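Listing of coords18.pdb, PDB, C-alpha atoms, pLDDT in the B column
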ATOM      1  CA  MET T   1      92.972  41.084 264.594  1.00 66.00           C
ATOM      2  CA  ASN T   2      92.809  38.280 267.142  1.00 72.00           C
ATOM      3  CA  VAL T   3      94.712  38.798 270.348  1.00 74.00           C
ATOM      4  CA  ILE T   4      95.962  35.569 271.852  1.00 84.00           C
ATOM      5  CA  GLU T   5      95.433  35.502 275.583  1.00 91.00           C
ATOM      6  CA  PRO T   6      98.528  34.337 277.495  1.00 95.00           C
ATOM      7  CA  LYS T   7      98.172  30.893 279.031  1.00 96.00           C
ATOM      8  CA  TYR T   8     100.015  31.956 282.204  1.00 97.00           C
ATOM      9  CA  LYS T   9      98.984  35.159 283.936  1.00 96.00           C
ATOM     10  CA  TYR T  10     100.571  36.724 286.971  1.00 96.00           C
ATOM     11  CA  LYS T  11      97.138  37.210 288.538  1.00 95.00           C
ATOM     12  CA  GLU T  12      96.898  33.377 288.460  1.00 95.00           C
ATOM     13  CA  ILE T  13     100.440  32.788 289.693  1.00 95.00           C
ATOM     14  CA  GLU T  14      99.532  29.515 291.396  1.00 95.00           C
ATOM     15  CA  LYS T  15      99.223  27.980 287.893  1.00 96.00           C
ATOM     16  CA  VAL T  16     102.799  29.070 287.202  1.00 97.00           C
ATOM     17  CA  PHE T  17     103.974  27.374 290.397  1.00 97.00           C
ATOM     18  CA  GLU T  18     101.995  24.230 289.550  1.00 97.00           C
ATOM     19  CA  LYS T  19     103.635  24.036 286.113  1.00 98.00           C
ATOM     20  CA  LEU T  20     107.117  24.704 287.502  1.00 98.00           C
ATOM     21  CA  ILE T  21     106.924  21.796 289.952  1.00 97.00           C
ATOM     22  CA  SER T  22     104.955  19.416 287.705  1.00 97.00           C
ATOM     23  CA  GLY T  23     106.587  16.149 286.771  1.00 96.00           C
ATOM     24  CA  ASN T  24     109.121  16.325 289.601  1.00 97.00           C
ATOM     25  CA  ALA T  25     107.934  14.536 292.727  1.00 97.00           C
ATOM     26  CA  GLU T  26     110.896  15.634 294.846  1.00 97.00           C
ATOM     27  CA  LEU T  27     110.507  19.307 293.913  1.00 97.00           C
ATOM     28  CA  THR T  28     106.751  19.091 294.444  1.00 97.00           C
ATOM     29  CA  GLU T  29     107.269  17.638 297.921  1.00 97.00           C
ATOM     30  CA  HIS T  30     109.917  20.252 298.745  1.00 96.00           C
ATOM     31  CA  PHE T  31     107.735  23.122 297.561  1.00 97.00           C
ATOM     32  CA  ALA T  32     104.604  21.828 299.316  1.00 95.00           C
ATOM     33  CA  LYS T  33     106.441  21.922 302.653  1.00 95.00           C
ATOM     34  CA  GLU T  34     106.988  25.660 302.231  1.00 93.00           C
ATOM     35  CA  VAL T  35     104.026  26.860 300.167  1.00 92.00           C
ATOM     36  CA  ASP T  36     100.373  25.824 300.209  1.00 90.00           C
ATOM     37  CA  LEU T  37      98.990  26.225 296.701  1.00 90.00           C
ATOM     38  CA  SER T  38      95.508  25.005 297.636  1.00 87.00           C
ATOM     39  CA  ASP T  39      94.604  28.401 299.104  1.00 86.00           C
ATOM     40  CA  TYR T  40      97.165  30.589 297.367  1.00 87.00           C
ATOM     41  CA  ASN T  41      96.367  34.255 296.936  1.00 83.00           C
ATOM     42  CA  GLN T  42      98.504  37.310 296.419  1.00 83.00           C
ATOM     43  CA  GLU T  43      97.055  39.155 299.392  1.00 83.00           C
ATOM     44  CA  ASP T  44      98.480  36.635 301.861  1.00 86.00           C
ATOM     45  CA  ASN T  45     101.341  35.158 299.825  1.00 88.00           C
ATOM     46  CA  ILE T  46     104.345  36.798 298.203  1.00 93.00           C
ATOM     47  CA  PRO T  47     105.209  35.012 294.941  1.00 95.00           C
ATOM     48  CA  TYR T  48     108.687  36.548 294.650  1.00 95.00           C
ATOM     49  CA  VAL T  49     109.540  35.141 298.073  1.00 95.00           C
ATOM     50  CA  ASP T  50     107.943  31.768 297.367  1.00 96.00           C
ATOM     51  CA  ILE T  51     109.850  31.266 294.101  1.00 97.00           C
ATOM     52  CA  GLY T  52     112.997  31.393 296.226  1.00 96.00           C
ATOM     53  CA  SER T  53     112.116  27.924 297.495  1.00 97.00           C
ATOM     54  CA  ILE T  54     112.366  26.590 293.948  1.00 98.00           C
ATOM     55  CA  SER T  55     115.566  28.530 293.245  1.00 98.00           C
ATOM     56  CA  ARG T  56     117.193  27.090 296.385  1.00 97.00           C
ATOM     57  CA  PHE T  57     116.108  23.566 295.411  1.00 98.00           C
ATOM     58  CA  ILE T  58     117.611  23.928 291.925  1.00 98.00           C
ATOM     59  CA  VAL T  59     120.887  25.270 293.329  1.00 98.00           C
ATOM     60  CA  GLU T  60     121.111  22.438 295.886  1.00 97.00           C
ATOM     61  CA  LYS T  61     120.535  19.850 293.164  1.00 98.00           C
ATOM     62  CA  LYS T  62     123.116  21.480 290.900  1.00 97.00           C
ATOM     63  CA  ILE T  63     125.723  21.472 293.678  1.00 97.00           C
ATOM     64  CA  GLU T  64     124.944  17.823 294.461  1.00 97.00           C
ATOM     65  CA  ASN T  65     125.117  17.041 290.717  1.00 97.00           C
ATOM     66  CA  GLU T  66     121.589  15.605 290.878  1.00 97.00           C
ATOM     67  CA  THR T  67     120.366  17.125 287.635  1.00 97.00           C
ATOM     68  CA  SER T  68     118.402  14.298 286.018  1.00 97.00           C
ATOM     69  CA  ASP T  69     115.127  16.236 286.374  1.00 97.00           C
ATOM     70  CA  PHE T  70     116.522  19.509 285.020  1.00 98.00           C
ATOM     71  CA  GLY T  71     115.502  18.735 281.432  1.00 97.00           C
ATOM     72  CA  LEU T  72     111.805  18.600 282.270  1.00 98.00           C
ATOM     73  CA  PHE T  73     112.055  21.468 284.751  1.00 98.00           C
ATOM     74  CA  PHE T  74     113.584  23.823 282.199  1.00 98.00           C
ATOM     75  CA  GLU T  75     111.118  22.674 279.526  1.00 98.00           C
ATOM     76  CA  ASN T  76     108.377  23.761 281.939  1.00 98.00           C
ATOM     77  CA  VAL T  77     110.172  27.067 282.494  1.00 98.00           C
ATOM     78  CA  GLU T  78     110.389  27.664 278.730  1.00 98.00           C
ATOM     79  CA  GLU T  79     106.694  26.845 278.303  1.00 98.00           C
ATOM     80  CA  ILE T  80     105.738  29.309 281.042  1.00 98.00           C
ATOM     81  CA  TYR T  81     108.060  31.997 279.719  1.00 98.00           C
ATOM     82  CA  LYS T  82     106.871  31.679 276.110  1.00 97.00           C
ATOM     83  CA  ASN T  83     103.207  31.539 277.067  1.00 97.00           C
ATOM     84  CA  GLY T  84     103.176  33.951 279.977  1.00 97.00           C
ATOM     85  CA  ASP T  85     102.132  37.559 280.184  1.00 97.00           C
ATOM     86  CA  LYS T  86     104.850  40.194 280.668  1.00 97.00           C
ATOM     87  CA  ASP T  87     104.536  39.979 284.463  1.00 97.00           C
ATOM     88  CA  VAL T  88     105.028  36.200 284.377  1.00 98.00           C
ATOM     89  CA  GLN T  89     108.057  36.583 282.126  1.00 98.00           C
ATOM     90  CA  ASN T  90     109.502  39.113 284.556  1.00 97.00           C
ATOM     91  CA  PHE T  91     108.723  36.746 287.427  1.00 98.00           C
ATOM     92  CA  ILE T  92     110.702  33.954 285.733  1.00 98.00           C
ATOM     93  CA  VAL T  93     113.675  36.222 285.066  1.00 98.00           C
ATOM     94  CA  VAL T  94     113.786  38.232 288.281  1.00 97.00           C
ATOM     95  CA  GLY T  95     112.319  35.635 290.620  1.00 97.00           C
ATOM     96  CA  LEU T  96     113.611  32.299 289.376  1.00 98.00           C
ATOM     97  CA  PHE T  97     116.707  33.067 287.289  1.00 98.00           C
ATOM     98  CA  GLU T  98     118.141  35.813 289.476  1.00 97.00           C
ATOM     99  CA  GLY T  99     117.344  33.661 292.485  1.00 97.00           C
ATOM    100  CA  ILE T 100     119.323  30.728 291.100  1.00 98.00           C
ATOM    101  CA  GLN T 101     122.216  32.959 290.065  1.00 96.00           C
ATOM    102  CA  ASN T 102     122.362  34.862 293.356  1.00 96.00           C
ATOM    103  CA  ILE T 103     121.935  31.849 295.625  1.00 96.00           C
ATOM    104  CA  GLY T 104     124.369  29.665 293.708  1.00 95.00           C
ATOM    105  CA  GLY T 105     126.893  32.290 292.705  1.00 91.00           C
ATOM    106  CA  GLU T 106     130.187  31.124 291.307  1.00 87.00           C
ATOM    107  CA  GLU T 107     129.813  27.801 293.120  1.00 93.00           C
ATOM    108  CA  ILE T 108     127.436  26.699 290.370  1.00 94.00           C
ATOM    109  CA  GLU T 109     129.234  28.537 287.551  1.00 91.00           C
ATOM    110  CA  TYR T 110     125.931  30.050 286.530  1.00 93.00           C
ATOM    111  CA  TYR T 111     127.338  31.796 283.465  1.00 91.00           C
ATOM    112  CA  LYS T 112     127.195  28.666 281.331  1.00 92.00           C
ATOM    113  CA  SER T 113     126.528  25.582 283.451  1.00 94.00           C
ATOM    114  CA  PHE T 114     122.763  25.651 282.801  1.00 97.00           C
ATOM    115  CA  ASN T 115     123.076  26.058 279.013  1.00 96.00           C
ATOM    116  CA  GLN T 116     122.412  22.364 278.377  1.00 97.00           C
ATOM    117  CA  TRP T 117     118.936  22.666 279.921  1.00 98.00           C
ATOM    118  CA  LEU T 118     117.851  26.179 279.019  1.00 98.00           C
ATOM    119  CA  LYS T 119     115.770  26.450 275.869  1.00 97.00           C
ATOM    120  CA  PRO T 120     116.089  29.262 273.271  1.00 97.00           C
ATOM    121  CA  GLU T 121     113.934  31.977 274.837  1.00 97.00           C
ATOM    122  CA  THR T 122     114.902  31.247 278.420  1.00 97.00           C
ATOM    123  CA  GLN T 123     118.576  31.024 277.421  1.00 97.00           C
ATOM    124  CA  GLU T 124     118.308  34.536 276.019  1.00 97.00           C
ATOM    125  CA  ALA T 125     116.579  35.769 279.178  1.00 97.00           C
ATOM    126  CA  TRP T 126     119.141  33.999 281.429  1.00 97.00           C
ATOM    127  CA  ASN T 127     122.038  35.606 279.577  1.00 96.00           C
ATOM    128  CA  GLY T 128     120.226  38.937 279.463  1.00 96.00           C
ATOM    129  CA  ILE T 129     119.972  39.206 283.221  1.00 95.00           C
ATOM    130  CA  ILE T 130     123.692  38.497 283.560  1.00 94.00           C
ATOM    131  CA  ASP T 131     124.416  41.138 280.913  1.00 94.00           C
ATOM    132  CA  TYR T 132     122.205  43.607 282.753  1.00 93.00           C
ATOM    133  CA  TRP T 133     124.067  43.260 286.045  1.00 93.00           C
ATOM    134  CA  GLU T 134     127.570  42.388 284.891  1.00 89.00           C
ATOM    135  CA  GLY T 135     127.978  43.582 281.327  1.00 90.00           C
ATOM    136  CA  THR T 136     128.953  41.284 278.489  1.00 87.00           C
ATOM    137  CA  GLU T 137     132.612  40.579 279.317  1.00 85.00           C
ATOM    138  CA  TRP T 138     131.655  37.173 280.727  1.00 81.00           C
ATOM    139  CA  ARG T 139     130.784  36.046 277.206  1.00 82.00           C
ATOM    140  CA  ILE T 140     134.438  36.331 276.176  1.00 82.00           C
ATOM    141  CA  PRO T 141     136.495  33.216 276.993  1.00 80.00           C
ATOM    142  CA  LYS T 142     138.679  33.642 280.102  1.00 78.00           C
ATOM    143  CA  ASP T 143     141.986  33.231 278.273  1.00 81.00           C
ATOM    144  CA  GLU T 144     141.017  35.970 275.809  1.00 83.00           C
ATOM    145  CA  ARG T 145     139.956  38.254 278.666  1.00 76.00           C
ATOM    146  CA  LYS T 146     143.274  37.705 280.447  1.00 81.00           C
ATOM    147  CA  LYS T 147     145.182  38.394 277.248  1.00 82.00           C
ATOM    148  CA  ARG T 148     143.161  41.568 276.730  1.00 78.00           C
ATOM    149  CA  GLU T 149     143.762  42.682 280.329  1.00 82.00           C
ATOM    150  CA  LYS T 150     147.527  42.176 279.940  1.00 82.00           C
ATOM    151  CA  GLU T 151     147.518  44.267 276.763  1.00 83.00           C
ATOM    152  CA  ILE T 152     145.571  47.014 278.508  1.00 81.00           C
ATOM    153  CA  GLN T 153     148.008  46.953 281.436  1.00 82.00           C
ATOM    154  CA  LYS T 154     150.963  47.283 279.010  1.00 79.00           C
ATOM    155  CA  ILE T 155     149.337  50.326 277.432  1.00 82.00           C
ATOM    156  CA  LEU T 156     148.552  51.877 280.798  1.00 81.00           C
ATOM    157  CA  ASN T 157     152.074  51.226 282.097  1.00 82.00           C
ATOM    158  CA  LYS T 158     153.584  52.921 279.024  1.00 74.00           C
ATOM    159  CA  LYS T 159     151.544  56.055 279.730  1.00 63.00           C
ATOM    160  CA  LYS T 160     153.074  56.453 283.191  1.00 59.00           C
TER     161      LYS T 160
END
Represent the structure contained in this file as structure tokens.
Amino acid sequence: MNVIEPKYKYKEIEKVFEKLISGNAELTEHFAKEVDLSDYNQEDNIPYVDIGSISRFIVEKKIENETSDFGLFFENVEEIYKNGDKDVQNFIVVGLFEGIQNIGGEEIEYYKSFNQWLKPETQEAWNGIIDYWEGTEWRIPKDERKKREKEIQKILNKKK
């Protein structure tokens, strides 16, 4: 049985960063101001901190409604996620996705506002991290949730 070696490995995390910023001159310039990939190593650099630079950039662009490069960016994310080892996949979810969600919060309506750019596997991972922290109630439309809450309150009030 042939084992296919992942294209992206956490021990070569600089390749993940290079792919994430590729094709986006503004993101590349932004990232290069904060992180030097030419001499990147995990003894001196902390990838989970450095990915925060990319998360902040994405949130800023989303808030400014400057999303024209999001298609390519999230294609790159999907490629890395699909072809990364387990540590790289975790890095995308915990480092990048949680970073975007935590930095942007409700201001960017992270529950669904990135759906148009996320690809199948990263969409599942994006939703999964929300489910992990918040449960699955967010998947139910707001009007249905409110209706449900009112019904629950009626039942609770009757029991008093």
>> With the PyMOL selection byres ((chain T and resi 47) around 9) as the selection, what would be picked from this file? Answer as a PyMOL selection string, please.
In response: chain T and resi 13-14+17+42+45-46+48-52+91+95
>> Using the chain letters and numbers from this file, what does the PyMOL selection byres ((chain T and resi 81) around 10) select? Give the answer as a ChimeraX atom specification.
In response: /T:7-8,16,75-80,82-93,121-122,125
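Note that atom CA of Lys142 of chain T and atom CA of Asn157 of chain T are 22.2 Å apart.
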> What is the atom CA of Gln116 of chain T to atom CA of Lys147 of chain T distance in Å?
Replying inline: 27.9 Å
>> Please report the interatomic distance between atom CA of Ile100 of chain T and atom CA of Leu20 of chain T in Å with one decimal.
In response: 14.1 Å
>> Just checking: using all atoms listed in the file, which residue out of T:Glu12, T:Trp117, T:Ala25, T:Tyr111 ends up closest to Ile140 of chain T?
In response: T:Tyr111
> What would the list of residues within 12 Å of (132.1, 38.3, 285.1) (file frame) look like as a ChimeraX atom specification, if all atoms listed in the file are what count?
Replying inline: /T:105-106,109-112,127,130-142,145
>> Need the shell around segment 54-56 of chain T: protein/DNA/RNA residues with any atom at most 10 Å away, counting all atoms listed in the file. Skip same-chain ones fewer than 4 positions apart. Format as a VMD selection string?
In response: chain T and resid 17 20 to 21 27 to 28 30 to 31 34 49 to 50 60 to 62 95 to 104
Prev. selection, C-alpha atoms, output as a PDB file, keeping the file's coordinate frame:
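New file result.pdb:
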ATOM      1  CA  PHE T  17     103.974  27.374 290.397  1.00 97.00           C
ATOM      2  CA  LEU T  20     107.117  24.704 287.502  1.00 98.00           C
ATOM      3  CA  ILE T  21     106.924  21.796 289.952  1.00 97.00           C
ATOM      4  CA  LEU T  27     110.507  19.307 293.913  1.00 97.00           C
ATOM      5  CA  THR T  28     106.751  19.091 294.444  1.00 97.00           C
ATOM      6  CA  HIS T  30     109.917  20.252 298.745  1.00 96.00           C
ATOM      7  CA  PHE T  31     107.735  23.122 297.561  1.00 97.00           C
ATOM      8  CA  GLU T  34     106.988  25.660 302.231  1.00 93.00           C
ATOM      9  CA  VAL T  49     109.540  35.141 298.073  1.00 95.00           C
ATOM     10  CA  ASP T  50     107.943  31.768 297.367  1.00 96.00           C
ATOM     11  CA  GLU T  60     121.111  22.438 295.886  1.00 97.00           C
ATOM     12  CA  LYS T  61     120.535  19.850 293.164  1.00 98.00           C
ATOM     13  CA  LYS T  62     123.116  21.480 290.900  1.00 97.00           C
ATOM     14  CA  GLY T  95     112.319  35.635 290.620  1.00 97.00           C
ATOM     15  CA  LEU T  96     113.611  32.299 289.376  1.00 98.00           C
ATOM     16  CA  PHE T  97     116.707  33.067 287.289  1.00 98.00           C
ATOM     17  CA  GLU T  98     118.141  35.813 289.476  1.00 97.00           C
ATOM     18  CA  GLY T  99     117.344  33.661 292.485  1.00 97.00           C
ATOM     19  CA  ILE T 100     119.323  30.728 291.100  1.00 98.00           C
ATOM     20  CA  GLN T 101     122.216  32.959 290.065  1.00 96.00           C
ATOM     21  CA  ASN T 102     122.362  34.862 293.356  1.00 96.00           C
ATOM     22  CA  ILE T 103     121.935  31.849 295.625  1.00 96.00           C
ATOM     23  CA  GLY T 104     124.369  29.665 293.708  1.00 95.00           C
TER      24      GLY T 104
END
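Using all atoms listed in the file, the smallest distance between any of T:Asp143, T:Pro120, T:Ile4, T:Glu26 and Phe74 of chain T comes from T:Pro120.
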Find the smallest box with edges along x, y and z containing every listed atom of segment 107-113 of chain T, then add 6 Å on each side and report centre and edge lengths in Å to one decimal, as lines of an AutoDock Vina configuration file.
center_x = 127.9
center_y = 28.7
center_z = 287.2
size_x = 15.9
size_y = 18.2
size_z = 23.8
